[in-house]
Structures are given as C-alpha cells and as structure tokens.
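Step one of this worksheet: look at the structure below.
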Amino acid sequence: MARTSRKPVTARGEQTRQKLLAAAEFEFGEKGFHTASVSSITRRAGVAQGTFYIYYESKEEILRELVRFMNRKLRHTLTRATHGITDRVEIERVGLEAFLRFAMEDKNLYRVVLESQFIDESIYREYYEQMARVYTVRLEKAQKEGQIRTGSAYGQAWALMGMASFLGLRYPVWEGTMPPDDVMDAAVAFIRGGLAPGEAAAATLQPASD
C-alpha cells in the first residue's frame with residue numbers, strides 16, 4: 001500500500017509541495033504520465049530533484065495526490081456555483097455549466113484524472129465513487145422533498161456524471177470551448193426529462209426557450 005504524502009510542517013514546505021503539484025499537473029497534462037519524469041517536474045517547479053522525494057516516493061504517488069486534489073477542487077467549485085439555489089433540477093443545470101467551465105480552465109487536471117485509470121485504477125475509481133457517494137446523498141434528499149422523481153439516486157448520480165464527463169471531454173478538453181447552445185439545450189432537456197417527477201417529466205423533453 002502506498003504511503004500518504006508527507007504533510008509539510010512549515011509554510012515554506014507547503015509552498016514547495018504546491019510548486020511540485022502545479023509542475024506535475026502541467027507535465028502530466030501536457031506530456032502524459034509516461035513521458036513526464038521526476039526531473040522534469042522538479043525542473044519546472046524550480047527545486048532540486050532530491051526535494052521531490054521529501055514529499056513523494058514516486059510519480060505514481062504525486063499522480064494520486066493530483067487526482068484527490070481535483071476531486072476536492074471540483075466539489076468546491078460546484079458548491080460555490082450552486083450556492084443559494086434550492087431547486088434540484090436548477091442545481092443540475094447550473095452545476096453542469098460550472099463543471100464544463102472548470103474542465104475548460106483546468107484541462108490538465110482533467111487529463112490527469114483520465115490518464116490515472118491506466119496508471120492506478122484504484123485512484124480513478126476512488127475519484128468517481130467518492131463523487132457518486134456525495135451526489136447520491138443530495139439526490140436522495142431531493143427525492144424525499146418531491147423535487148425529482150423517485151428511483152435509484154445512485155443510478156441517477158452515475159448517469160448525470162457520465163453525461164457531464166463526456167461533454168467535458170468532447171468540448172472543453174478536445175476543443176477548448178464550451179458546448180454549442182443547442183448541445184447545452186439538449187443536455188439540459190435530458191436532465192429535466194430524467195429528473196422531473198411524475199407527469200411533469202413529459203413537459204420537459206423539449207429544450208427551454210428564453
């Protein structure tokens with residue numbers, strides 16, 4: 001079992017660790033995990049190569065740290081974007097747009113998560129399973145409040161994550177743009193149609209007009 005990265009005990013140490021993480025994000029995201037090296041990471045971070053091993057045992061360990069960092073950063077971004085919204089379907093609409101902007105602005109982190117499945121499947125699964133657990137709790141709450149249709153909140157969570165993930169790959173990561181308006185309208189219509197309770201779902205299958 002890999003050890004947890006060492007937590008710096010000084011502000012200077014934390015600053016160095018953050019430099020290493022930022023450098024690894026760029027190296028892995030731009031070059032790919034196998035092409036990047038510890039020496040290229042430390043060179044970009046502006047620290048001695050030996051410094052890397054004060055905080056991490058290997059490239060694999062800093063990759064795992066980056067995946068966990070993206071998990072925390074994304075959840076914080078979505079919470080901030082949807083703060084104050086009480087309607088679950090509206091939260092999903094706003095959250096989807098916020099996720100896609102996140103993927104466009106932090107595409108190297110997004111690529112790190114995608115590549116992690118081939119380096120350490122356990123951290124890749126941990127990333128999505130942790131997201132799904134949090135998502136499921138919130139969807140279960142919305143079901144109890146009658147905001148969305150009843151059923152497997154866990155299934156709903158994975159379906160919503162899947163749509164967002166592939167839209168993020170197709171547009172922000174591959175093209176560096178947000179999806180076209182008609183694509184976003186279609187995605188939002190799927191969300192409304194899939195989550196709206198009972199007969200209300202039938203009225204939501206067409207994209208909303210402004």
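Ordered as shown in the structure tokens, chains take letters A, B, and onward, while each chain numbers its residues from 1 and ligands are numbered from 1 in the order shown.
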Contacts between region 21-33 of chain A and region 86-135 of chain A, please, where a residue of region 86-135 of chain A counts if it comes within 6 Å (with only C-alpha atoms); show its shortest atom pair and distance in Å to one decimal, rows by chain and ascending number, as a tab-separated table.
```
residue	atom	partner	partner_atom	distance
A:Asn108	CA	A:Gly29	CA	4.1
A:Arg111	CA	A:Gly29	CA	5.5
A:Val112	CA	A:Gly29	CA	5.7
```
Selection file, N, CA and C atoms, as a tab-separated table (two decimals), in the first residue's frame:
```tsv
chain	number	residue	atom	x	y	z
A	108	ASN	N	-5.68	20.39	-17.79
A	108	ASN	CA	-4.59	19.49	-17.43
A	108	ASN	C	-4.97	18.57	-16.27
A	111	ARG	N	-7.22	15.93	-17.61
A	111	ARG	CA	-6.46	14.90	-18.31
A	111	ARG	C	-5.75	13.97	-17.34
A	112	VAL	N	-5.29	14.53	-16.22
A	112	VAL	CA	-4.62	13.70	-15.21
A	112	VAL	C	-5.58	12.64	-14.69
```
(message) Env of Ala132 (chain A): 8 Å cut, atoms = only C-alpha atoms, seq-sep filter 6 positions within chain, self excluded. Answer as an NGL selection string.
(response) :A and (154 or 157-158 or 161)
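Between CA of Tyr110 (chain A) and CA of Thr82 (chain A) there is a distance of 20.8 Å.
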(request) Just the helix (DSSP H, G or I) stuff from region 13-185 of chain A, please, per backbone DSSP, written as an MDAnalysis selection string. (result) chainID A and resid 13:31 38:45 49:55 59:81 88:105 107:119 121:144 153:175 181:185
(message) If I take CA of Val113 (chain A) and CA of Val67 (chain A), how far is one from the other in Å, to one decimal?
(response) 5.6 Å
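If only C-alpha atoms are the atoms counted, then among A:Thr35, A:Phe99, A:His76, A:Gln49 the closest residue to Ser165 (chain A) is A:Phe99.
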(request) For Glu65 (chain A), please output as a VMD selection string all residues within 12 Å (counting only C-alpha atoms; exclusion window: fewer than 3 positions along the same chain). (result) chain A and resid 2 to 7 17 to 18 20 to 22 24 to 25 55 to 62 68 to 72 109 112 to 113 116 120 123 to 124 126 to 127
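Between CA of Tyr53 (chain A) and CA of Leu74 (chain A) the interatomic distance comes to 27.4 Å.
Nearest to Lys73 (chain A) of all the residues A:Arg88, A:Phe118, A:Ile148, A:Ala103 is A:Ala103, counting only C-alpha atoms.
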Sorted per-residue table, region 46-101 of chain A near region 172-192 of chain A, closest atoms and distance, 8 Å, only C-alpha atoms, as a tab-separated table:
```
residue	atom	partner	partner_atom	distance
A:Val89	CA	A:Arg192	CA	6.4
A:Glu92	CA	A:Ile191	CA	7.4
A:Arg93	CA	A:Val188	CA	6.1
A:Leu100	CA	A:Pro172	CA	6.6
A:Arg101	CA	A:Met178	CA	7.0
```
For the selection just defined, write its residues with N, CA and C atoms to a file, as a tab-separated table (two decimals), in the first residue's frame.
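Okay, again18.tsv is ready:
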```tsv
chain	number	residue	atom	x	y	z
A	89	VAL	N	-33.30	20.50	-9.92
A	89	VAL	CA	-33.10	20.48	-11.36
A	89	VAL	C	-32.30	21.71	-11.80
A	92	GLU	N	-28.73	21.19	-11.04
A	92	GLU	CA	-28.09	20.35	-12.05
A	92	GLU	C	-27.72	21.16	-13.29
A	93	ARG	N	-28.59	22.04	-13.71
A	93	ARG	CA	-28.32	22.86	-14.89
A	93	ARG	C	-27.12	23.77	-14.65
A	100	LEU	N	-18.36	22.24	-16.84
A	100	LEU	CA	-17.76	22.37	-18.16
A	100	LEU	C	-16.77	23.54	-18.20
A	101	ARG	N	-17.07	24.61	-17.52
A	101	ARG	CA	-16.11	25.73	-17.44
A	101	ARG	C	-14.87	25.32	-16.66
```
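If only C-alpha atoms are the atoms counted, then among A:Arg170, A:Arg80, A:Leu63, A:Ser39 the closest residue to Ser122 (chain A) is A:Leu63.
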